[in-house]
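A.B. asks: One file is attached below, protein.cif, containing mmCIF, C-alpha atoms.
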data_coords
#
loop_
_atom_site.label_atom_id
_atom_site.label_comp_id
_atom_site.auth_asym_id
_atom_site.auth_seq_id
_atom_site.Cartn_x
_atom_site.Cartn_y
_atom_site.Cartn_z
CA MET U 1187 34.11 15.35 38.92
CA ALA U 1188 32.34 12.86 41.17
CA LYS U 1189 34.59 10.84 43.46
CA ARG U 1190 34.91 7.18 42.42
CA ILE U 1191 33.82 4.45 44.83
CA LEU U 1192 34.35 0.67 44.90
CA VAL U 1193 31.60 -1.16 46.83
CA VAL U 1194 32.53 -4.50 48.44
CA ASP U 1195 29.88 -6.79 49.99
CA ASP U 1196 29.04 -10.47 49.48
CA ALA U 1197 25.30 -9.71 49.38
CA ALA U 1198 24.12 -8.47 45.97
CA PHE U 1199 21.21 -6.68 47.61
CA MET U 1200 23.46 -4.75 50.01
CA ARG U 1201 25.75 -3.74 47.11
CA MET U 1202 22.70 -2.43 45.29
CA MET U 1203 21.41 -0.48 48.31
CA LEU U 1204 24.79 1.02 49.13
CA SER U 1205 25.39 1.97 45.48
CA ASP U 1206 21.97 3.64 45.43
CA HIS U 1207 22.76 5.69 48.59
CA LEU U 1208 26.18 6.69 47.21
CA THR U 1209 24.91 7.63 43.75
CA LYS U 1210 22.14 9.76 45.29
CA GLY U 1211 24.82 11.36 47.49
CA GLY U 1212 26.75 12.51 44.41
CA PHE U 1213 29.38 9.76 44.16
CA GLU U 1214 30.16 7.52 41.20
CA VAL U 1215 30.17 3.79 41.94
CA VAL U 1216 32.83 2.52 39.53
CA GLY U 1217 32.84 -1.11 40.60
CA GLN U 1218 31.48 -3.77 42.91
CA ALA U 1219 33.13 -6.85 44.44
CA GLU U 1220 31.61 -9.82 46.26
CA ASN U 1221 34.61 -10.83 48.36
CA GLY U 1222 38.04 -9.64 49.48
CA LEU U 1223 39.95 -11.33 46.66
CA VAL U 1224 37.84 -9.75 43.94
CA ALA U 1225 38.10 -6.43 45.83
CA ILE U 1226 41.90 -6.48 45.67
CA ASN U 1227 41.86 -7.10 41.89
CA LYS U 1228 39.24 -4.41 41.32
CA PHE U 1229 41.22 -1.98 43.47
CA LYS U 1230 44.33 -2.55 41.33
CA GLU U 1231 42.31 -2.16 38.14
CA LEU U 1232 40.09 0.80 39.08
CA ARG U 1233 42.11 2.74 41.66
CA PRO U 1234 38.96 4.16 43.32
CA ASP U 1235 39.02 7.20 45.62
CA VAL U 1236 37.24 5.26 48.40
CA VAL U 1237 36.44 1.58 49.03
CA THR U 1238 33.46 0.56 51.18
CA MET U 1239 34.38 -2.82 52.67
CA ASP U 1240 32.08 -5.42 54.26
CA ILE U 1241 33.67 -7.52 57.03
CA THR U 1242 32.14 -11.00 56.84
CA MET U 1243 32.59 -12.42 53.35
CA PRO U 1244 33.48 -15.81 51.87
CA GLU U 1245 36.89 -16.45 50.16
CA MET U 1246 38.61 -13.51 51.87
CA ASP U 1247 37.14 -11.36 54.66
CA GLY U 1248 37.19 -7.57 54.71
CA ILE U 1249 39.91 -7.20 57.35
CA LEU U 1250 42.45 -9.20 55.37
CA ALA U 1251 41.42 -7.32 52.22
CA VAL U 1252 42.08 -3.97 53.99
CA LYS U 1253 45.58 -5.16 54.92
CA GLU U 1254 46.31 -6.30 51.35
CA ILE U 1255 44.93 -3.14 49.73
CA ARG U 1256 46.98 -0.94 52.11
CA LYS U 1257 50.09 -2.89 51.01
CA ILE U 1258 49.31 -1.99 47.39
CA ASP U 1259 48.53 1.65 48.29
CA PRO U 1260 49.36 2.82 51.84
CA GLN U 1261 47.14 5.88 51.25
CA ALA U 1262 44.07 3.83 50.21
CA ARG U 1263 40.90 5.20 51.79
CA ILE U 1264 38.63 2.47 53.11
CA VAL U 1265 35.35 2.68 55.06
CA MET U 1266 34.27 -0.52 56.82
CA CYS U 1267 30.69 -1.80 56.72
CA SER U 1268 29.96 -3.70 59.89
CA ALA U 1269 27.00 -5.50 61.40
CA MET U 1270 25.93 -5.39 65.05
CA GLY U 1271 28.31 -7.13 67.41
CA GLN U 1272 31.40 -6.71 65.21
CA GLN U 1273 33.05 -3.93 67.24
CA HIS U 1274 36.28 -5.85 67.81
CA MET U 1275 36.60 -6.57 64.10
CA VAL U 1276 36.01 -2.90 63.29
CA MET U 1277 38.81 -1.99 65.69
CA GLU U 1278 41.13 -4.44 63.94
CA ALA U 1279 40.25 -2.93 60.56
CA ILE U 1280 40.84 0.63 61.85
CA GLN U 1281 44.24 -0.48 63.17
CA ALA U 1282 44.94 -1.95 59.73
CA GLY U 1283 44.28 1.46 58.18
CA ALA U 1284 40.54 1.79 57.55
CA ARG U 1285 39.39 5.41 57.96
CA ASP U 1286 35.89 4.97 59.39
CA PHE U 1287 32.99 2.54 59.64
CA ILE U 1288 29.26 2.44 58.97
CA VAL U 1289 26.87 0.01 60.65
CA LYS U 1290 24.27 -2.10 58.82
CA PRO U 1291 21.47 -1.47 58.06
CA PHE U 1292 22.75 1.68 56.36
CA ASP U 1293 21.41 5.12 57.07
CA PRO U 1294 21.85 7.03 53.74
CA THR U 1295 23.01 10.23 55.47
CA ARG U 1296 25.61 8.40 57.53
CA VAL U 1297 26.92 6.58 54.42
CA VAL U 1298 27.51 9.85 52.55
CA GLN U 1299 28.99 11.47 55.67
CA ALA U 1300 31.49 8.63 56.28
CA VAL U 1301 32.65 8.46 52.65
CA THR U 1302 32.97 12.28 52.47
CA LYS U 1303 34.99 12.29 55.70
CA ALA U 1304 37.29 9.54 54.39
CA LEU U 1305 38.16 11.76 51.41
CA VAL U 1306 39.48 14.62 53.57
CA MET K 56 21.55 -30.82 80.41
CA THR K 57 18.49 -28.61 80.37
CA ILE K 58 16.99 -25.38 81.56
CA ALA K 59 14.50 -26.45 84.17
CA SER K 60 13.09 -23.46 85.95
CA SER K 61 10.51 -21.02 84.70
CA VAL K 62 12.65 -18.20 86.12
CA GLN K 63 15.44 -19.20 83.74
CA LEU K 64 13.06 -19.40 80.79
CA ASP K 65 11.74 -15.93 81.66
CA MET K 66 15.30 -14.62 81.71
CA LEU K 67 16.05 -16.19 78.33
CA ASN K 68 12.83 -14.70 76.98
CA GLU K 69 13.93 -11.28 78.24
CA VAL K 70 17.28 -11.70 76.47
CA GLY K 71 15.32 -12.64 73.34
CA ASN K 72 13.11 -9.56 73.76
CA ILE K 73 16.18 -7.33 73.63
CA GLY K 74 17.18 -9.10 70.40
CA ALA K 75 13.66 -8.67 69.01
CA GLY K 76 13.66 -4.95 69.79
CA ASN K 77 17.01 -4.41 68.10
CA ALA K 78 15.94 -6.55 65.12
CA ALA K 79 12.74 -4.52 64.65
CA THR K 80 14.65 -1.21 64.75
CA SER K 81 17.22 -2.45 62.22
CA LEU K 82 14.61 -3.98 59.87
CA SER K 83 12.66 -0.77 59.96
CA ILE K 84 15.74 1.19 58.82
CA LEU K 85 16.52 -1.40 56.12
CA MET K 86 13.00 -1.45 54.67
CA ASP K 87 11.97 2.07 55.58
CA ARG K 88 8.73 0.60 56.93
CA LYS K 89 7.09 0.24 60.32
CA VAL K 90 8.28 -3.04 61.82
CA ILE K 91 7.12 -4.52 65.14
CA MET K 92 8.53 -7.68 66.73
CA HIS K 93 7.23 -9.38 69.87
CA LEU K 94 8.45 -12.50 71.58
CA PRO K 95 5.54 -14.20 73.38
CA TRP K 96 7.56 -17.21 74.54
CA THR K 97 10.90 -18.98 74.43
CA ARG K 98 11.28 -22.73 74.75
CA VAL K 99 14.27 -24.99 75.26
CA CYS K 100 13.45 -28.32 73.67
CA SER K 101 14.81 -31.55 72.22
CA ILE K 102 15.49 -32.00 68.50
CA GLU K 103 12.24 -33.95 68.14
CA GLU K 104 10.13 -31.28 69.82
CA GLY K 105 12.01 -28.51 68.01
CA CYS K 106 11.31 -30.13 64.63
CA SER K 107 7.63 -30.46 65.38
CA ILE K 108 7.33 -26.80 66.46
CA LEU K 109 9.29 -25.45 63.48
CA SER K 110 7.90 -27.71 60.72
CA ARG K 111 4.79 -26.50 58.95
CA VAL K 112 3.86 -29.77 57.33
CA GLY K 113 2.87 -29.46 53.67
CA GLU K 114 3.81 -25.76 53.49
CA VAL K 115 6.56 -24.27 51.34
CA GLY K 116 8.79 -21.64 52.88
CA ILE K 117 12.14 -19.97 53.24
CA CYS K 118 14.83 -20.76 55.78
CA VAL K 119 17.82 -18.48 56.32
CA GLU K 120 20.56 -20.43 58.06
CA VAL K 121 23.43 -18.59 59.73
CA ARG K 122 26.37 -20.44 61.22
CA VAL K 123 27.78 -18.81 64.36
CA GLU K 124 31.44 -19.18 65.36
CA GLY K 125 33.28 -18.38 68.59
CA ASN K 126 32.47 -19.39 72.17
CA LEU K 127 28.75 -19.16 71.40
CA SER K 128 28.99 -21.36 68.32
CA GLY K 129 25.96 -22.97 66.76
CA THR K 130 23.42 -22.29 64.05
CA MET K 131 20.61 -19.74 63.90
CA LEU K 132 17.58 -20.35 61.71
CA LEU K 133 14.95 -17.88 60.59
CA THR K 134 12.01 -19.43 58.78
CA LEU K 135 9.30 -17.58 56.83
CA THR K 136 6.20 -18.86 55.07
CA GLU K 137 6.14 -18.25 51.32
CA ASP K 138 3.44 -15.52 51.62
CA SER K 139 5.31 -13.74 54.39
CA ALA K 140 8.61 -13.84 52.50
CA ALA K 141 6.82 -12.41 49.44
CA HIS K 142 5.35 -9.61 51.59
CA ILE K 143 8.82 -8.73 52.87
CA ILE K 144 10.10 -8.56 49.28
CA SER K 145 7.24 -6.28 48.27
CA SER K 146 7.92 -4.07 51.32
CA PHE K 147 11.24 -3.05 49.76
CA GLY K 148 9.21 -1.09 47.18
CA THR K 149 10.72 -0.07 43.86
CA MET K 150 14.08 -1.54 44.75
CA LEU K 151 12.74 -5.08 44.30
CA GLU K 152 9.82 -4.33 42.01
CA GLY K 153 8.74 -7.33 39.96
CA LYS K 154 11.13 -9.66 41.81
CA THR K 155 9.89 -13.01 43.15
CA LEU K 156 11.31 -15.51 45.63
CA VAL K 157 13.31 -17.27 42.90
CA ASP K 158 15.24 -14.12 41.93
CA ASP K 159 18.80 -13.82 43.25
CA LEU K 160 18.34 -10.21 44.35
CA ALA K 161 15.13 -11.03 46.28
CA GLN K 162 16.89 -13.98 47.95
CA SER K 163 19.84 -11.72 48.77
CA ALA K 164 17.42 -9.27 50.45
CA LEU K 165 15.86 -12.09 52.49
CA MET K 166 19.32 -13.26 53.55
CA GLU K 167 20.02 -9.72 54.76
CA VAL K 168 16.76 -9.78 56.74
CA GLY K 169 17.92 -13.13 58.18
CA ASN K 170 21.32 -11.66 58.97
CA ILE K 171 19.75 -8.77 60.86
CA VAL K 172 17.29 -10.86 62.86
CA THR K 173 19.71 -13.66 63.76
CA GLY K 174 22.53 -11.16 64.39
CA SER K 175 20.36 -9.15 66.81
CA PHE K 176 19.54 -12.29 68.81
CA ILE K 177 23.13 -13.54 68.84
CA THR K 178 24.32 -10.12 70.02
CA ALA K 179 21.69 -10.13 72.80
CA ILE K 180 22.66 -13.66 73.92
CA SER K 181 26.34 -12.79 73.61
CA ASN K 182 25.97 -9.66 75.78
CA PHE K 183 24.04 -11.63 78.41
CA VAL K 184 26.42 -14.59 78.57
CA GLY K 185 29.59 -12.52 78.13
CA GLU K 186 30.93 -14.75 75.34
CA THR K 187 31.39 -13.92 71.67
CA GLY K 188 29.41 -15.30 68.75
CA MET K 189 30.37 -14.26 65.22
CA SER K 190 27.96 -14.78 62.35
CA THR K 191 29.18 -16.20 59.04
CA PRO K 192 27.56 -15.54 55.60
CA PRO K 193 23.98 -16.88 55.45
CA ILE K 194 22.57 -19.72 53.36
CA LEU K 195 19.01 -19.62 51.99
CA LEU K 196 16.81 -22.67 51.55
CA TYR K 197 13.54 -22.52 49.59
CA ASP K 198 11.59 -25.75 49.95
CA TYR K 199 8.91 -27.57 51.95
CA PHE K 200 9.29 -26.86 55.67
CA ASP K 201 9.18 -30.53 56.62
CA ALA K 202 11.90 -31.22 54.05
CA PHE K 203 14.42 -28.66 55.26
CA ILE K 204 13.65 -28.19 58.94
CA CYS K 205 14.44 -31.62 60.31
CA ASN K 206 17.41 -32.18 58.00
CA THR K 207 18.88 -28.85 59.04
CA VAL K 208 18.09 -29.22 62.73
CA ILE K 209 19.50 -32.74 62.94
CA ALA K 210 22.59 -31.85 60.89
CA ARG K 211 23.40 -28.75 62.91
CA THR K 212 22.76 -29.64 66.56
CA GLU K 213 26.27 -31.13 66.87
CA GLY K 214 25.25 -33.70 69.44
CA SER K 215 23.70 -31.30 71.93
CA ASP K 216 20.04 -32.38 71.39
CA VAL K 217 18.98 -28.84 72.27
CA VAL K 218 16.91 -26.40 70.23
CA LEU K 219 16.10 -22.94 71.56
CA VAL K 220 12.89 -21.78 69.92
CA PHE K 221 12.08 -18.07 70.11
CA LYS K 222 8.43 -17.64 69.21
CA THR K 223 8.46 -14.41 67.25
CA GLU K 224 5.52 -12.28 66.17
CA LEU K 225 6.66 -9.96 63.44
CA GLU K 226 4.62 -7.25 61.73
CA VAL K 227 5.76 -5.35 58.64
CA ASP K 228 3.60 -2.40 57.62
CA GLY K 229 0.68 -3.72 59.67
CA LYS K 230 0.78 -7.20 58.13
CA ALA K 231 1.65 -10.25 60.25
CA ILE K 232 4.71 -12.19 59.10
CA PHE K 233 4.61 -15.90 59.86
CA GLY K 234 7.81 -17.71 60.69
CA ASP K 235 10.03 -18.83 63.54
CA LEU K 236 13.45 -18.26 64.97
CA ALA K 237 15.63 -20.96 66.50
CA PHE K 238 19.14 -21.31 67.86
CA LEU K 239 20.89 -24.67 67.75
CA PRO K 240 23.76 -24.19 70.20
CA SER K 241 26.87 -26.35 70.30
CA PRO K 242 27.25 -28.26 73.60
CA GLU K 243 29.88 -25.69 74.71
CA ALA K 244 27.63 -22.75 73.86
CA PHE K 245 24.68 -24.33 75.67
CA ARG K 246 26.86 -24.96 78.73
CA ALA K 247 27.89 -21.29 78.73
CA ILE K 248 24.25 -20.18 78.50
CA THR K 249 23.02 -22.49 81.30
CA LYS K 250 25.96 -21.53 83.52
CA LYS K 251 25.09 -17.85 83.15
CA LEU K 252 21.39 -18.54 83.77
CA ASP K 253 22.27 -20.50 86.95
CA VAL K 254 24.32 -17.58 88.25
CA ALA K 255 21.63 -15.06 87.31
CA GLU K 256 18.88 -17.14 88.94
CA GLY K 257 20.98 -17.42 92.10
CA MET K 258 21.22 -13.65 92.19
CA VAL K 259 17.46 -13.29 91.73
CA GLU K 260 16.79 -15.76 94.55
CA GLY K 261 19.44 -14.15 96.73
CA ASN K 262 17.72 -10.81 96.35
CA GLY K 263 14.23 -12.22 96.85
#
Output the structure of this file as structure tokens.
C.D. replies:
Amino acid sequence: MAKRILVVDDAAFMRMMLSDHLTKGGFEVVGQAENGLVAINKFKELRPDVVTMDITMPEMDGILAVKEIRKIDPQARIVMCSAMGQQHMVMEAIQAGARDFIVKPFDPTRVVQAVTKALV
Amino acid sequence: MTIASSVQLDMLNEVGNIGAGNAATSLSILMDRKVIMHLPWTRVCSIEEGCSILSRVGEVGICVEVRVEGNLSGTMLLTLTEDSAAHIISSFGTMLEGKTLVDDLAQSALMEVGNIVTGSFITAISNFVGETGMSTPPILLYDYFDAFICNTVIARTEGSDVVLVFKTELEVDGKAIFGDLAFLPSPEAFRAITKKLDVAEGMVEGNG
């Protein structure tokens, strides 16, 4: 059975692109969220195998969302999606429990690789 | 408070060129198309001069506005003419097939293009100055240039009366994209940039 992914990004276009890369890579995108708050609720509802988490989002950013999701499930597998120049924020997310990170714009191979690695 | 010497402007242009190179590489990955970006000149000007360079009177266009926080705070603007924005949308191929500039998904794609271009420049400036600048989620404006440019520029300069205009020449799949890139630094950010340029110019002169 395909592993279930929750895609979190405030940009509808980036959610679409990432979902496309993941679906082509053999994963099932079970949900999408446009900010950290929605992500937490969707995580509770869907219990995905992996969450891809954007960093800069309105309402609640990705780093805080990682911390909250890891409180709900300390084993939650999260891959951060960062833009250029966000290295320090990626480090903070990794310290908070994120497994890996991918850098925008997304390379399809790297996306599949990072999510696969997070599942190990 | 201004950048007076041509040496300093050359340095700033070089910093911008690094941003342009990174932006072109990233856009090319995003669109899966050949993207070229050159930066023929950089100018440090007043609000009035900045408005007149950036406004394309009577033309409709897109402006992606990205607020930057941190020690390099300010606002970055990427403007595109309507035709050029439409060409970018069509360059995404089947993913945005049939979408026009009024569609949410097309606007979301343009905001991502804006994020990449402005983010590349902010990173380049940030690496040069040694201060951090963090981008916040973008806003997209779709209107007449003369309607949004001056309102935005005046509202966002935060009393510094400085506009950094990076003249960009962008090509996507062999077609020229018309638009401009500008940074409206806060007074603190502009002080940090000029301080670094003073030091760098001193080193150039010291070596010469």
A.B. asks: Here's the selection I'm unsure about, the PyMOL selection byres ((chain K) within 10 of (chain U)); applied to the file above, which residues does it give, as a ChimeraX atom specification?
C.D. replies: /K:77,80-86,150-151,159-168,170-171,174-175,177-179,181-182,187-193
A.B. asks: Okay, now the selection with C-alpha atoms, as an mmCIF file, in the coordinates of the input?
C.D. replies:
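Written out: result.cif:
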data_model
loop_
_atom_site.group_PDB
_atom_site.id
_atom_site.type_symbol
_atom_site.label_atom_id
_atom_site.label_comp_id
_atom_site.auth_asym_id
_atom_site.auth_seq_id
_atom_site.Cartn_x
_atom_site.Cartn_y
_atom_site.Cartn_z
ATOM 1 C CA ASN K 77 17.010 -4.410 68.100
ATOM 2 C CA THR K 80 14.650 -1.210 64.750
ATOM 3 C CA SER K 81 17.220 -2.450 62.220
ATOM 4 C CA LEU K 82 14.610 -3.980 59.870
ATOM 5 C CA SER K 83 12.660 -0.770 59.960
ATOM 6 C CA ILE K 84 15.740 1.190 58.820
ATOM 7 C CA LEU K 85 16.520 -1.400 56.120
ATOM 8 C CA MET K 86 13.000 -1.450 54.670
ATOM 9 C CA MET K 150 14.080 -1.540 44.750
ATOM 10 C CA LEU K 151 12.740 -5.080 44.300
ATOM 11 C CA ASP K 159 18.800 -13.820 43.250
ATOM 12 C CA LEU K 160 18.340 -10.210 44.350
ATOM 13 C CA ALA K 161 15.130 -11.030 46.280
ATOM 14 C CA GLN K 162 16.890 -13.980 47.950
ATOM 15 C CA SER K 163 19.840 -11.720 48.770
ATOM 16 C CA ALA K 164 17.420 -9.270 50.450
ATOM 17 C CA LEU K 165 15.860 -12.090 52.490
ATOM 18 C CA MET K 166 19.320 -13.260 53.550
ATOM 19 C CA GLU K 167 20.020 -9.720 54.760
ATOM 20 C CA VAL K 168 16.760 -9.780 56.740
ATOM 21 C CA ASN K 170 21.320 -11.660 58.970
ATOM 22 C CA ILE K 171 19.750 -8.770 60.860
ATOM 23 C CA GLY K 174 22.530 -11.160 64.390
ATOM 24 C CA SER K 175 20.360 -9.150 66.810
ATOM 25 C CA ILE K 177 23.130 -13.540 68.840
ATOM 26 C CA THR K 178 24.320 -10.120 70.020
ATOM 27 C CA ALA K 179 21.690 -10.130 72.800
ATOM 28 C CA SER K 181 26.340 -12.790 73.610
ATOM 29 C CA ASN K 182 25.970 -9.660 75.780
ATOM 30 C CA THR K 187 31.390 -13.920 71.670
ATOM 31 C CA GLY K 188 29.410 -15.300 68.750
ATOM 32 C CA MET K 189 30.370 -14.260 65.220
ATOM 33 C CA SER K 190 27.960 -14.780 62.350
ATOM 34 C CA THR K 191 29.180 -16.200 59.040
ATOM 35 C CA PRO K 192 27.560 -15.540 55.600
ATOM 36 C CA PRO K 193 23.980 -16.880 55.450
#
A.B. asks: Check which residues satisfy the PyMOL selection byres ((chain K and resi 130) around 7) in the file shown, then give them as a PyMOL selection string.
C.D. replies: chain K and resi 120-123+129+131-132+211+238-240
A.B. asks: For Ala1225 of chain U, list every protein, DNA or RNA residue within 10 Å, evaluated using all atoms listed in the file, and leave out those in the same chain fewer than 2 positions away; present the list as a list in words.
C.D. replies: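 So, after excluding close chain neighbours, the residues are Leu1192, Val1193, Val1194, Asp1195, Gly1217, Gln1218, Ala1219, Glu1220, Asn1221, Gly1222, Leu1223, Asn1227, Lys1228, Phe1229, Lys1230, Glu1231, Val1237, Thr1238, Met1239, Met1246, Gly1248, Ala1251, Val1252, Glu1254 and Ile1255 of chain U.
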A.B. asks: Calculated over all atoms listed in the file, which of the candidates K:Met92, K:Leu225, K:Asp216, K:Ala231 has the smallest distance to Gly76 of chain K?
C.D. replies: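 Between K:Met92, K:Leu225, K:Asp216, K:Ala231, the residue approaching Gly76 of chain K most closely is K:Met92.
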A.B. asks: Just want the 12 Å neighbourhood of Phe203 of chain K, counted on all atoms listed in the file, with same-chain residues fewer than 6 positions away dropped. Output as a count of residues only.
C.D. replies: 21
A.B. asks: Taking into account all atoms listed in the file, which residue in the set U:Val1236, U:Ile1226, U:Ile1264, U:Leu1204 is nearest to Lys1189 of chain U?
C.D. replies: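 Counting all atoms listed in the file, the residue closest to Lys1189 of chain U is U:Val1236.
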A.B. asks: With distances taken over all atoms listed in the file, which of U:Arg1296, U:Arg1233, U:Lys1303, U:Arg1285 is nearest to Val1215 of chain U?
C.D. replies: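 Checking each of U:Arg1296, U:Arg1233, U:Lys1303, U:Arg1285 against Val1215 of chain U, counting all atoms listed in the file, the winner is U:Arg1233.
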A.B. asks: Evaluate the PyMOL selection byres ((chain K and resi 156) around 8) here and jot the selected residues down as a JSON list (two decimals) with C-alpha atoms, in the frame of the given file.
C.D. replies:
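Full text of selection.json as output:
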[["chain", "number", "residue", "atom", "x", "y", "z"],
["K", 140, "ALA", "CA", 8.61, -13.84, 52.50],
["K", 141, "ALA", "CA", 6.82, -12.41, 49.44],
["K", 144, "ILE", "CA", 10.10, -8.56, 49.28],
["K", 154, "LYS", "CA", 11.13, -9.66, 41.81],
["K", 155, "THR", "CA", 9.89, -13.01, 43.15],
["K", 157, "VAL", "CA", 13.31, -17.27, 42.90],
["K", 158, "ASP", "CA", 15.24, -14.12, 41.93],
["K", 161, "ALA", "CA", 15.13, -11.03, 46.28],
["K", 162, "GLN", "CA", 16.89, -13.98, 47.95]]
A.B. asks: What gap, in Å, lies between atom CA of Thr97 of chain K and atom CA of Asn68 of chain K?
C.D. replies: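 Value for the atom CA of Thr97 of chain K-atom CA of Asn68 of chain K distance: 5.3 Å.
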A.B. asks: Quick check, in Å to one decimal: how far apart do atom CA of Val254 of chain K and atom CA of Val70 of chain K lie?
C.D. replies: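 Those two atoms sit 14.9 Å apart.
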A.B. asks: Up to 7 Å from (14.9, -28.5, 75.2) in the file's coordinates: name the residues, counting all atoms listed in the file, as a PDB file with C-alpha atoms, in the frame of the given file.
C.D. replies:
ATOM      1  CA  THR K  57      18.490 -28.610  80.370  1.00  0.00           C
ATOM      2  CA  ARG K  98      11.280 -22.730  74.750  1.00  0.00           C
ATOM      3  CA  VAL K  99      14.270 -24.990  75.260  1.00  0.00           C
ATOM      4  CA  CYS K 100      13.450 -28.320  73.670  1.00  0.00           C
ATOM      5  CA  SER K 101      14.810 -31.550  72.220  1.00  0.00           C
ATOM      6  CA  VAL K 217      18.980 -28.840  72.270  1.00  0.00           C
ATOM      7  CA  VAL K 218      16.910 -26.400  70.230  1.00  0.00           C
ATOM      8  CA  LEU K 219      16.100 -22.940  71.560  1.00  0.00           C
TER       9      LEU K 219
END
A.B. asks: Could you check which of K:Asp235, K:Ala244, K:Ser61, K:Val259 is closest to Thr173 of chain K, using all atoms listed in the file?
C.D. replies: K:Asp235
A.B. asks: Report, in Å to a single decimal, how far apart atom CA of Gly1211 of chain U and atom CA of Ile1249 of chain U are.
C.D. replies: 25.9 Å
A.B. asks: I'd like the contact shell of Phe176 of chain K - 7 Å cut-off, only C-alpha atoms, skipping same-chain residues fewer than 3 positions apart - returned as an MDAnalysis selection string.
C.D. replies: chainID K and resid 71 74:75 172:173 179:180
A.B. asks: Considering all atoms listed in the file, state which residue in the set K:Glu224, K:Asp253, K:Glu152, K:Asp201 is at the smallest distance from Val62 of chain K.
C.D. replies: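 So, comparing all the options, the nearest one is K:Asp253.
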